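Here's the structure we're looking at; comments come further down.
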Amino acid sequence: MQTNPRLNIRQVTWANPVGADLRAAQQAELDARFGTTDHEPGPPPSEADTAVFVVAYEKCSGQPLGCGGLRMLDENTAEIKRLYVVPYARGSGVASSILAALEAQAHSHGFSVIAAEAGSAQSDGRSFYVSAGFAEVPNFAPYVGVNGSYCYSKRINSHSASHTAMA
């Protein structure tokens with residue numbers, strides 16, 4: 001699952017305290033961006049529906065720099081959830097490395113499509129997904145009919161997963 005020589009990306013449980021702290025930081029940032037705590041349609045991801053959750057650590061310091069997970073939507077599709085990088089590490093390739101690890105894990109779990117959503121206050125997230133080869137698609141559940149919600153999808157296979165991991 002290694003994609004960046006400066007990082008250790010580890011699969012952890014949803015309940016992992018470091019992962020929980022990173023998710024809490026992400027939600028606090030989104031609350032501030034959206035100006036409300038009510039910015040996520042549908043049920044939040046949980047241990048029950050999250051197939052994979054990873055935390056990226058900086059090798060030299062051991063500091064956690066980001067996280068991300070895969071929520072099972074159906075037998076072929078996983079949705080990226082809680083992809084987050086701490087502010088001081090943004091722009092350094094951490095998010096791309098987490099995404100590469102998630103794509104490889106999605107492929108190894110038998111998923112052929114990964115999906116993602118970013119809201120109107122997340123222009124950085126929307127740009128990130130497009131630059132990573134995702135195409136904008138009609139909103140999927142639970143985002144159908146939600147104004148300011150942008151959904152993306154990307155087909156994956158062994159070639160695309162390994163190519164992303166090498167990027």
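Naming works like this for the structure tokens: A, B, ... for the chains as they're shown, residue 1 at the start of each chain, ligands 1 onward in shown order.
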Open item on the list: Can you pull out the residues contacting Asp49 of chain A? Cut-off 12 Å, using only C-alpha atoms, and skip same-chain residues under 3 positions away; I want them as a ChimeraX atom specification.
Closed with: /A:13-14,43-46,52-53,69-75,78-81
TODO: Within segment 20-116 of chain A, find each residue whose DSSP state, derived from the backbone, is strand (DSSP E), and express the selection as a PyMOL selection string.
DONE: chain A and resi 50-58+64-72+77-85+113-116
Task: Best match for closeness to Ala32 of chain A among A:Arg126, A:Ala106, A:Glu58, A:Ala121, counting only C-alpha atoms - done: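 Of A:Arg126, A:Ala106, A:Glu58, A:Ala121, the one nearest Ala32 of chain A is A:Ala121, counting only C-alpha atoms.
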Task: Distance criterion (only C-alpha atoms): nearest to Ala100 of chain A out of A:Val54, A:Val18, A:Val137, A:Tyr88 - done: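 Closest candidate: A:Val54.
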- [ ] Please provide the set of residues having any atom within 12 Å of Asp21 of chain A, restricted to only C-alpha atoms, with same-chain residues fewer than 2 positions apart removed, written as a list in words.
- [x] Trp14, Ala15, Asn16, Pro17, Val18, Gly19, Arg23, Ala24, Ala25, Gln26, Gln27, Ala28, Val55, Pro64, Leu65, Gly66, Cys67, Arg82, Tyr84, Val85 and Val86 of chain A
- [ ] Could you tell me how far atom CA of Gly42 of chain A lies from atom CA of Phe140 of chain A, in Å and to one decimal?
- [x] 11.3 Å
Task: Surrounding residues of Tyr143 of chain A excluding itself and chain neighbours under 3 positions, 9 Å, only C-alpha atoms, as a PyMOL selection string - done: chain A and resi 40-42+117+139-140+146-147+149-151
Task: Best match for closeness to Arg90 of chain A among A:Pro5, A:Ser153, A:Ala51, A:Asp124, counting only C-alpha atoms - done: A:Asp124
Open item on the list: What's the separation between atom CA of Phe134 of chain A and atom CA of Ser108 of chain A, in Å to one decimal place?
Closed with: 19.2 Å
Task: Minimum-distance residue to Ser61 of chain A, chosen among A:Asn157, A:Ser97, A:Ser123, A:Asn8 (using only C-alpha atoms) - done: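 Selected residue with least distance to Ser61 of chain A: A:Asn8.
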Open item on the list: Calculated over only C-alpha atoms, which of the candidates A:Ser112, A:Asn76, A:Gln63, A:Ser127 has the smallest distance to Leu7 of chain A?
Closed with: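 Closest residue, counting only C-alpha atoms: A:Gln63.
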TODO: Would you mind telling me which residue in A:Val94, A:Leu30, A:Ala89, A:Ala135 lies nearest to Ser120 of chain A when using only C-alpha atoms?
DONE: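 Answer, going by the shortest atom-to-atom distance: A:Leu30.
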